[in-house]
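> For reference, the file structure.pdb (PDB, C-alpha atoms, pLDDT in the B column) is included below:
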MODEL        1
ATOM      1  CA  MET P   1       0.000   0.000   0.000  1.00 94.00           C
ATOM      2  CA  ILE P   2       1.176   3.515  -0.837  1.00 97.00           C
ATOM      3  CA  ARG P   3       0.544   5.810   2.135  1.00 97.00           C
ATOM      4  CA  ILE P   4      -0.742   9.313   1.283  1.00 97.00           C
ATOM      5  CA  SER P   5      -1.011  12.589   3.200  1.00 98.00           C
ATOM      6  CA  ILE P   6      -3.072  15.418   1.700  1.00 98.00           C
ATOM      7  CA  PHE P   7      -2.576  19.142   2.391  1.00 98.00           C
ATOM      8  CA  ASP P   8      -5.216  21.430   0.865  1.00 98.00           C
ATOM      9  CA  ASP P   9      -7.384  24.193   2.330  1.00 97.00           C
ATOM     10  CA  ASN P  10     -10.228  23.430  -0.086  1.00 96.00           C
ATOM     11  CA  ASP P  11     -12.306  21.150   2.140  1.00 96.00           C
ATOM     12  CA  SER P  12     -14.419  19.745  -0.674  1.00 96.00           C
ATOM     13  CA  LEU P  13     -11.462  18.918  -2.905  1.00 96.00           C
ATOM     14  CA  ARG P  14      -9.399  17.494  -0.034  1.00 96.00           C
ATOM     15  CA  GLN P  15     -12.209  15.217   1.092  1.00 96.00           C
ATOM     16  CA  THR P  16     -12.955  14.132  -2.487  1.00 96.00           C
ATOM     17  CA  LEU P  17      -9.289  13.270  -3.029  1.00 96.00           C
ATOM     18  CA  ALA P  18      -9.287  11.269   0.196  1.00 96.00           C
ATOM     19  CA  LEU P  19     -12.343   9.306  -0.923  1.00 96.00           C
ATOM     20  CA  LEU P  20     -10.796   8.623  -4.342  1.00 95.00           C
ATOM     21  CA  VAL P  21      -7.534   7.463  -2.789  1.00 95.00           C
ATOM     22  CA  ASP P  22      -9.249   5.180  -0.307  1.00 91.00           C
ATOM     23  CA  ALA P  23     -11.377   3.709  -3.098  1.00 94.00           C
ATOM     24  CA  THR P  24      -8.265   2.215  -4.711  1.00 95.00           C
ATOM     25  CA  ASP P  25      -6.713  -1.096  -3.755  1.00 94.00           C
ATOM     26  CA  ASP P  26      -3.114   0.128  -3.536  1.00 96.00           C
ATOM     27  CA  LEU P  27      -3.429   3.603  -1.990  1.00 97.00           C
ATOM     28  CA  ILE P  28      -4.444   4.684   1.500  1.00 97.00           C
ATOM     29  CA  VAL P  29      -4.892   8.092   3.137  1.00 97.00           C
ATOM     30  CA  MET P  30      -2.917   8.485   6.359  1.00 97.00           C
ATOM     31  CA  GLY P  31      -3.943  12.074   7.053  1.00 97.00           C
ATOM     32  CA  GLN P  32      -5.585  15.129   5.506  1.00 97.00           C
ATOM     33  CA  TYR P  33      -4.969  18.739   6.530  1.00 98.00           C
ATOM     34  CA  ALA P  34      -6.470  22.140   5.732  1.00 97.00           C
ATOM     35  CA  ASN P  35      -3.125  23.909   6.200  1.00 97.00           C
ATOM     36  CA  ALA P  36       0.563  23.154   6.576  1.00 96.00           C
ATOM     37  CA  LEU P  37       1.174  24.872   9.910  1.00 96.00           C
ATOM     38  CA  THR P  38       1.998  21.553  11.603  1.00 95.00           C
ATOM     39  CA  VAL P  39       3.390  19.860   8.508  1.00 96.00           C
ATOM     40  CA  VAL P  40       6.516  18.466  10.184  1.00 94.00           C
ATOM     41  CA  GLU P  41       4.546  16.884  13.025  1.00 95.00           C
ATOM     42  CA  ALA P  42       1.902  15.602  10.589  1.00 96.00           C
ATOM     43  CA  VAL P  43       4.488  13.930   8.374  1.00 95.00           C
ATOM     44  CA  GLN P  44       6.236  12.397  11.375  1.00 93.00           C
ATOM     45  CA  HIS P  45       2.901  10.999  12.558  1.00 95.00           C
ATOM     46  CA  ASP P  46       1.595   9.800   9.168  1.00 95.00           C
ATOM     47  CA  GLN P  47       4.864   8.472   7.729  1.00 94.00           C
ATOM     48  CA  PRO P  48       3.501   8.919   4.179  1.00 96.00           C
ATOM     49  CA  ASP P  49       5.173   7.624   1.062  1.00 96.00           C
ATOM     50  CA  VAL P  50       3.679  10.409  -1.046  1.00 97.00           C
ATOM     51  CA  ILE P  51       2.336  13.835  -0.095  1.00 98.00           C
ATOM     52  CA  LEU P  52      -0.225  15.764  -2.155  1.00 98.00           C
ATOM     53  CA  MET P  53       0.576  19.421  -1.504  1.00 98.00           C
ATOM     54  CA  ASP P  54      -1.398  22.530  -2.410  1.00 97.00           C
ATOM     55  CA  ILE P  55       0.483  25.828  -2.738  1.00 96.00           C
ATOM     56  CA  ASP P  56      -1.871  28.568  -1.558  1.00 95.00           C
ATOM     57  CA  MET P  57      -2.823  27.726   2.016  1.00 96.00           C
ATOM     58  CA  PRO P  58      -3.322  30.008   5.045  1.00 94.00           C
ATOM     59  CA  GLY P  59      -0.378  30.546   7.368  1.00 94.00           C
ATOM     60  CA  ARG P  60       2.227  28.646   5.375  1.00 95.00           C
ATOM     61  CA  THR P  61       2.481  28.057   1.645  1.00 95.00           C
ATOM     62  CA  GLY P  62       2.904  24.606   0.196  1.00 96.00           C
ATOM     63  CA  ILE P  63       6.318  25.568  -1.145  1.00 95.00           C
ATOM     64  CA  GLU P  64       7.462  26.578   2.347  1.00 95.00           C
ATOM     65  CA  ALA P  65       6.048  23.305   3.650  1.00 96.00           C
ATOM     66  CA  VAL P  66       7.992  21.296   1.058  1.00 95.00           C
ATOM     67  CA  ALA P  67      11.221  22.983   2.133  1.00 93.00           C
ATOM     68  CA  LEU P  68      10.477  22.238   5.809  1.00 93.00           C
ATOM     69  CA  ILE P  69       9.791  18.580   5.062  1.00 94.00           C
ATOM     70  CA  GLN P  70      13.082  18.260   3.200  1.00 91.00           C
ATOM     71  CA  GLN P  71      15.004  20.016   5.982  1.00 89.00           C
ATOM     72  CA  GLN P  72      13.447  17.740   8.599  1.00 88.00           C
ATOM     73  CA  ALA P  73      14.249  14.627   6.561  1.00 85.00           C
ATOM     74  CA  ALA P  74      17.858  15.754   6.136  1.00 82.00           C
ATOM     75  CA  SER P  75      18.370  16.668   9.808  1.00 79.00           C
ATOM     76  CA  ALA P  76      16.800  13.409  10.966  1.00 74.00           C
ATOM     77  CA  ALA P  77      18.871  11.436   8.445  1.00 61.00           C
ATOM     78  CA  VAL P  78      15.729   9.735   7.148  1.00 60.00           C
ATOM     79  CA  ALA P  79      16.601   6.897   4.795  1.00 58.00           C
ATOM     80  CA  VAL P  80      13.654   7.559   2.481  1.00 73.00           C
ATOM     81  CA  ALA P  81      11.964  10.960   2.641  1.00 83.00           C
ATOM     82  CA  PRO P  82       8.342  11.243   1.494  1.00 93.00           C
ATOM     83  CA  LYS P  83       7.943  12.225  -2.140  1.00 96.00           C
ATOM     84  CA  ILE P  84       5.955  15.385  -2.716  1.00 97.00           C
ATOM     85  CA  LEU P  85       3.528  15.954  -5.567  1.00 97.00           C
ATOM     86  CA  MET P  86       2.250  19.510  -5.931  1.00 97.00           C
ATOM     87  CA  LEU P  87      -1.455  19.774  -6.766  1.00 97.00           C
ATOM     88  CA  THR P  88      -2.368  23.387  -7.434  1.00 95.00           C
ATOM     89  CA  VAL P  89      -4.108  25.915  -9.669  1.00 95.00           C
ATOM     90  CA  PHE P  90      -0.918  27.879 -10.252  1.00 93.00           C
ATOM     91  CA  GLU P  91       0.930  27.368 -13.530  1.00 91.00           C
ATOM     92  CA  ASP P  92       3.396  30.279 -13.554  1.00 88.00           C
ATOM     93  CA  THR P  93       7.064  29.387 -13.915  1.00 87.00           C
ATOM     94  CA  ASP P  94       8.085  31.175 -10.703  1.00 87.00           C
ATOM     95  CA  ARG P  95       5.990  28.875  -8.525  1.00 91.00           C
ATOM     96  CA  ILE P  96       6.783  25.796 -10.607  1.00 92.00           C
ATOM     97  CA  PHE P  97      10.532  26.226 -10.178  1.00 90.00           C
ATOM     98  CA  ALA P  98      10.217  27.357  -6.550  1.00 91.00           C
ATOM     99  CA  ALA P  99       8.385  24.104  -5.768  1.00 93.00           C
ATOM    100  CA  ILE P 100      10.939  21.995  -7.630  1.00 92.00           C
ATOM    101  CA  ARG P 101      13.859  23.776  -5.960  1.00 89.00           C
ATOM    102  CA  ALA P 102      12.222  23.208  -2.564  1.00 92.00           C
ATOM    103  CA  GLY P 103      12.068  19.471  -3.225  1.00 92.00           C
ATOM    104  CA  ALA P 104       8.821  18.611  -5.023  1.00 95.00           C
ATOM    105  CA  VAL P 105       9.181  15.798  -7.557  1.00 95.00           C
ATOM    106  CA  GLY P 106       5.943  16.343  -9.477  1.00 95.00           C
ATOM    107  CA  TYR P 107       3.606  19.186 -10.369  1.00 96.00           C
ATOM    108  CA  LEU P 108      -0.059  18.725 -11.337  1.00 96.00           C
ATOM    109  CA  LEU P 109      -2.832  21.224 -11.921  1.00 96.00           C
ATOM    110  CA  LYS P 110      -6.070  20.697 -10.013  1.00 95.00           C
ATOM    111  CA  LYS P 111      -7.976  20.364 -13.270  1.00 95.00           C
ATOM    112  CA  THR P 112      -6.147  17.066 -13.851  1.00 95.00           C
ATOM    113  CA  PRO P 113      -8.644  14.170 -14.078  1.00 95.00           C
ATOM    114  CA  ALA P 114      -8.930  12.082 -10.917  1.00 94.00           C
ATOM    115  CA  ASP P 115      -7.608   8.908 -12.525  1.00 95.00           C
ATOM    116  CA  LYS P 116      -4.534  10.796 -13.751  1.00 96.00           C
ATOM    117  CA  ILE P 117      -3.885  12.074 -10.220  1.00 97.00           C
ATOM    118  CA  MET P 118      -4.037   8.518  -8.887  1.00 97.00           C
ATOM    119  CA  ASP P 119      -1.649   7.386 -11.628  1.00 97.00           C
ATOM    120  CA  ALA P 120       0.684  10.281 -10.785  1.00 97.00           C
ATOM    121  CA  ILE P 121       0.767   9.203  -7.125  1.00 97.00           C
ATOM    122  CA  ARG P 122       1.834   5.726  -8.208  1.00 97.00           C
ATOM    123  CA  GLU P 123       4.396   7.202 -10.608  1.00 96.00           C
ATOM    124  CA  VAL P 124       5.894   9.398  -7.875  1.00 96.00           C
ATOM    125  CA  SER P 125       6.059   6.433  -5.510  1.00 95.00           C
ATOM    126  CA  ALA P 126       7.905   4.451  -8.183  1.00 94.00           C
ATOM    127  CA  GLY P 127      10.494   7.200  -8.625  1.00 93.00           C
ATOM    128  CA  GLY P 128       8.916   9.172 -11.450  1.00 94.00           C
ATOM    129  CA  ALA P 129       8.326  12.904 -11.815  1.00 94.00           C
ATOM    130  CA  PRO P 130       4.863  13.440 -13.283  1.00 95.00           C
ATOM    131  CA  MET P 131       3.776  16.833 -14.550  1.00 95.00           C
ATOM    132  CA  THR P 132       0.688  18.184 -16.233  1.00 94.00           C
ATOM    133  CA  PRO P 133       1.639  18.447 -19.940  1.00 92.00           C
ATOM    134  CA  SER P 134       1.323  22.248 -19.991  1.00 91.00           C
ATOM    135  CA  ILE P 135       3.618  22.454 -16.950  1.00 93.00           C
ATOM    136  CA  ALA P 136       6.176  20.145 -18.563  1.00 91.00           C
ATOM    137  CA  LEU P 137       6.191  22.393 -21.649  1.00 91.00           C
ATOM    138  CA  LYS P 138       6.868  25.456 -19.493  1.00 87.00           C
ATOM    139  CA  VAL P 139       9.778  23.663 -17.810  1.00 86.00           C
ATOM    140  CA  LEU P 140      11.231  22.608 -21.171  1.00 86.00           C
ATOM    141  CA  ASP P 141      10.819  26.112 -22.605  1.00 84.00           C
ATOM    142  CA  SER P 142      12.650  27.581 -19.614  1.00 80.00           C
ATOM    143  CA  PHE P 143      15.538  25.166 -20.100  1.00 78.00           C
ATOM    144  CA  ARG P 144      15.679  25.972 -23.820  1.00 78.00           C
ATOM    145  CA  GLN P 145      15.769  29.695 -23.100  1.00 74.00           C
ATOM    146  CA  ALA P 146      18.517  29.203 -20.531  1.00 65.00           C
ATOM    147  CA  ALA P 147      20.526  27.062 -22.949  1.00 65.00           C
ATOM    148  CA  ASN P 148      20.201  29.633 -25.732  1.00 65.00           C
ATOM    149  CA  ALA P 149      20.906  32.645 -23.532  1.00 56.00           C
ATOM    150  CA  PRO P 150      24.328  34.247 -23.925  1.00 56.00           C
ATOM    151  CA  ARG P 151      26.836  33.246 -21.289  1.00 60.00           C
ATOM    152  CA  PRO P 152      27.118  35.989 -18.669  1.00 54.00           C
ATOM    153  CA  ASP P 153      30.906  36.034 -19.091  1.00 63.00           C
ATOM    154  CA  THR P 154      30.850  36.885 -22.832  1.00 70.00           C
ATOM    155  CA  PHE P 155      30.600  40.599 -21.911  1.00 82.00           C
ATOM    156  CA  LEU P 156      28.618  41.217 -25.113  1.00 87.00           C
ATOM    157  CA  LEU P 157      31.797  41.103 -27.188  1.00 89.00           C
ATOM    158  CA  THR P 158      31.339  40.990 -30.939  1.00 91.00           C
ATOM    159  CA  PRO P 159      32.856  37.966 -32.735  1.00 91.00           C
ATOM    160  CA  LYS P 160      35.755  40.125 -33.956  1.00 94.00           C
ATOM    161  CA  GLU P 161      36.353  41.593 -30.482  1.00 92.00           C
ATOM    162  CA  HIS P 162      36.363  38.053 -29.128  1.00 91.00           C
ATOM    163  CA  ASP P 163      39.038  37.108 -31.701  1.00 93.00           C
ATOM    164  CA  VAL P 164      41.126  40.164 -30.849  1.00 94.00           C
ATOM    165  CA  LEU P 165      40.919  39.440 -27.114  1.00 93.00           C
ATOM    166  CA  HIS P 166      41.874  35.829 -27.773  1.00 92.00           C
ATOM    167  CA  ARG P 167      44.990  37.000 -29.596  1.00 92.00           C
ATOM    168  CA  LEU P 168      45.795  39.306 -26.662  1.00 91.00           C
ATOM    169  CA  VAL P 169      45.540  36.319 -24.318  1.00 90.00           C
ATOM    170  CA  GLU P 170      47.885  34.420 -26.638  1.00 89.00           C
ATOM    171  CA  GLY P 171      50.413  37.245 -26.270  1.00 90.00           C
ATOM    172  CA  ASP P 172      50.230  38.674 -29.785  1.00 90.00           C
ATOM    173  CA  SER P 173      51.391  42.203 -30.526  1.00 90.00           C
ATOM    174  CA  TYR P 174      48.995  44.637 -32.207  1.00 91.00           C
ATOM    175  CA  LYS P 175      50.714  43.893 -35.521  1.00 91.00           C
ATOM    176  CA  LEU P 176      50.257  40.122 -35.114  1.00 92.00           C
ATOM    177  CA  ILE P 177      46.647  40.612 -34.040  1.00 93.00           C
ATOM    178  CA  GLY P 178      46.040  42.577 -37.234  1.00 92.00           C
ATOM    179  CA  HIS P 179      47.668  39.806 -39.251  1.00 91.00           C
ATOM    180  CA  HIS P 180      45.770  36.948 -37.599  1.00 90.00           C
ATOM    181  CA  CYS P 181      42.425  38.757 -37.642  1.00 92.00           C
ATOM    182  CA  GLY P 182      42.847  40.330 -41.079  1.00 92.00           C
ATOM    183  CA  ILE P 183      42.316  43.906 -39.892  1.00 94.00           C
ATOM    184  CA  ALA P 184      44.310  47.135 -39.950  1.00 93.00           C
ATOM    185  CA  MET P 185      46.260  48.441 -36.962  1.00 90.00           C
ATOM    186  CA  GLY P 186      43.787  51.284 -36.440  1.00 92.00           C
ATOM    187  CA  THR P 187      40.941  48.769 -36.339  1.00 94.00           C
ATOM    188  CA  VAL P 188      42.871  46.663 -33.838  1.00 93.00           C
ATOM    189  CA  ARG P 189      43.189  49.688 -31.562  1.00 93.00           C
ATOM    190  CA  SER P 190      39.466  50.484 -31.914  1.00 93.00           C
ATOM    191  CA  HIS P 191      38.519  46.929 -30.992  1.00 94.00           C
ATOM    192  CA  ILE P 192      40.832  46.946 -27.983  1.00 94.00           C
ATOM    193  CA  VAL P 193      39.336  50.209 -26.692  1.00 93.00           C
ATOM    194  CA  SER P 194      35.878  48.644 -27.005  1.00 93.00           C
ATOM    195  CA  ILE P 195      37.075  45.452 -25.260  1.00 93.00           C
ATOM    196  CA  TYR P 196      38.499  47.442 -22.345  1.00 92.00           C
ATOM    197  CA  THR P 197      35.187  49.284 -21.994  1.00 92.00           C
ATOM    198  CA  LYS P 198      33.076  46.106 -22.023  1.00 90.00           C
ATOM    199  CA  LEU P 199      35.378  44.271 -19.608  1.00 90.00           C
ATOM    200  CA  HIS P 200      35.668  47.339 -17.368  1.00 90.00           C
ATOM    201  CA  VAL P 201      39.478  47.231 -17.434  1.00 90.00           C
ATOM    202  CA  ASN P 202      42.173  49.762 -18.262  1.00 90.00           C
ATOM    203  CA  SER P 203      45.081  47.735 -19.602  1.00 89.00           C
ATOM    204  CA  LYS P 204      46.107  44.706 -21.619  1.00 89.00           C
ATOM    205  CA  SER P 205      47.198  42.798 -18.513  1.00 88.00           C
ATOM    206  CA  GLU P 206      43.853  43.464 -16.795  1.00 88.00           C
ATOM    207  CA  ALA P 207      41.946  42.372 -19.911  1.00 89.00           C
ATOM    208  CA  VAL P 208      43.937  39.136 -20.192  1.00 89.00           C
ATOM    209  CA  SER P 209      43.542  38.426 -16.474  1.00 87.00           C
ATOM    210  CA  LYS P 210      39.774  38.957 -16.566  1.00 86.00           C
ATOM    211  CA  ALA P 211      39.378  36.807 -19.677  1.00 86.00           C
ATOM    212  CA  LEU P 212      41.237  33.957 -17.974  1.00 85.00           C
ATOM    213  CA  LYS P 213      39.518  34.298 -14.615  1.00 82.00           C
ATOM    214  CA  THR P 214      36.030  34.271 -16.122  1.00 81.00           C
ATOM    215  CA  GLY P 215      36.776  31.270 -18.327  1.00 78.00           C
ATOM    216  CA  LEU P 216      36.068  33.179 -21.511  1.00 80.00           C
ATOM    217  CA  PHE P 217      38.357  30.901 -23.515  1.00 77.00           C
ATOM    218  CA  ARG P 218      37.637  27.496 -21.965  1.00 65.00           C
TER     219      ARG P 218
ENDMDL
END
Could you spell out this file's structure in structure tokens?

Amino acid sequence: MIRISIFDDNDSLRQTLALLVDATDDLIVMGQYANALTVVEAVQHDQPDVILMDIDMPGRTGIEAVALIQQQAASAAVAVAPKILMLTVFEDTDRIFAAIRAGAVGYLLKKTPADKIMDAIREVSAGGAPMTPSIALKVLDSFRQAANAPRPDTFLLTPKEHDVLHRLVEGDSYKLIGHHCGIAMGTVRSHIVSIYTKLHVNSKSEAVSKALKTGLFR
């Protein structure tokens, strides 16, 4: 049997979820709560395998409760901490990632059909990370945006400025930089002035040092 604790301030929904869980052969409700003010004590008493956690509850949010549960499990050196499945109306990325960072392993919207919620409980118990499809898309989009975002240590250098700085790091003189990059001496000087401005440095040695320290040429 998979033991479940439910935290939700919507009495009707919480009680309906409890009835649905108890109507299954492999799930059982250990406790249901209208808030998370005593979440640590409740979890210690219930010893659930999976927790259904709302976000917007009076006194303490579900995200704060998730963090407390994880802290308690870590401090008590619990071998297997309960797995937490968020069940909420919120689908903004801030709350999604806050819940995941706090320790939630799944994120469902309350409009999810009852049978899908039961399946998600089983999936979480088995080590999965179920998400409502629209939530999963938001997570993937955020990762794509992060992957395509410019590295913070590129300093908004143009490709040519990057080449010039690379040659400075290699120890080239202005003349050699012009030769390697195919640009005139005056253009080399213009690029170097721009590089110094973008790196917030005042000399060649400072520019080279900053480029190396920030891993610009890994």
> Which one is closest to Lys111 (chain P): P:Lys213, P:Leu13, P:Pro48, P:Gln70? Count only C-alpha atoms.
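Of P:Lys213, P:Leu13, P:Pro48, P:Gln70, the one nearest Lys111 (chain P), counting only C-alpha atoms, is P:Leu13.
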> Rank nothing, just name the residue among P:Ile135, P:Ile177, P:Ala74, P:Ala211 nearest to Arg95 (chain P), using all atoms listed in the file.
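Comparing P:Ile135, P:Ile177, P:Ala74, P:Ala211 against Arg95 (chain P), the winner is P:Ile135.
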> Enter the distance from CA of Asp26 (chain P) to CA of Ile2 (chain P), in Å, rounded to one decimal.
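Those two atoms sit 6.1 Å apart.
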> Region 29-42 of chain P: which residues within 8 Å, counting all atoms listed in the file, same-chain residues fewer than 6 positions away excluded, as a ChimeraX atom specification?
/P:3-11,14-15,18,21-22,48,57-62,65,68-69,72
> Using only C-alpha atoms, which of the listed residues (P:Leu17, P:Pro82, P:Gln71, P:Val89) sits closest to Val43 (chain P)?
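Among the listed residues, the smallest separation from Val43 (chain P) belongs to P:Pro82.
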> Using all atoms listed in the file, can you tell me which of P:Met118, P:Thr214, P:Glu91, P:Gly106 comes closest to Leu19 (chain P)?
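Between P:Met118, P:Thr214, P:Glu91, P:Gly106, the residue approaching Leu19 (chain P) most closely is P:Met118.
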> How many Å lie between CA of Gly215 (chain P) and CA of Arg167 (chain P), rounded to one decimal?
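Atom-to-atom, CA of Gly215 (chain P) and CA of Arg167 (chain P) are spaced 15.1 Å apart.
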> Which of these residues is nearest to Leu156 (chain P), using only C-alpha atoms: P:Thr16, P:Thr93, P:Ser134, P:Ser194?
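Looking at the shortest contact to Leu156 (chain P), the residue is P:Ser194.
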> How far is it from CA of Leu109 (chain P) to CA of Leu87 (chain P), in Å with one decimal?
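CA of Leu109 (chain P) sits 5.5 Å away from CA of Leu87 (chain P).
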> Expand the PyMOL selection byres ((chain P and resi 119-131) around 7) into the individual residues it matches in the shown file, reporting them as a PyMOL selection string.
chain P and resi 49-50+83+105-108+115-118+132-133+135-136
> Find the residues around Ser190 (chain P) up to 12 Å (all atoms listed in the file counted), leave out those fewer than 5 positions away in its own chain, and share them as an MDAnalysis selection string.
chainID P and resid 160:161 164 174 178 183:185 195:197
> Using only C-alpha atoms, which of P:Glu64, P:Val139, P:Ala81, P:Ala73 sits nearest Phe97 (chain P)?
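Closest to Phe97 (chain P) of all the choices is P:Val139.
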> Please determine an axis-aligned box that encloses all atoms of region 6-15 of chain P listed in the file, with 3 Å added on each side, and express its centre and edge lengths in Å to one decimal as JSON.

{"center_x": -8.5, "center_y": 19.7, "center_z": -0.3, "size_x": 17.8, "size_y": 15.0, "size_z": 11.3}
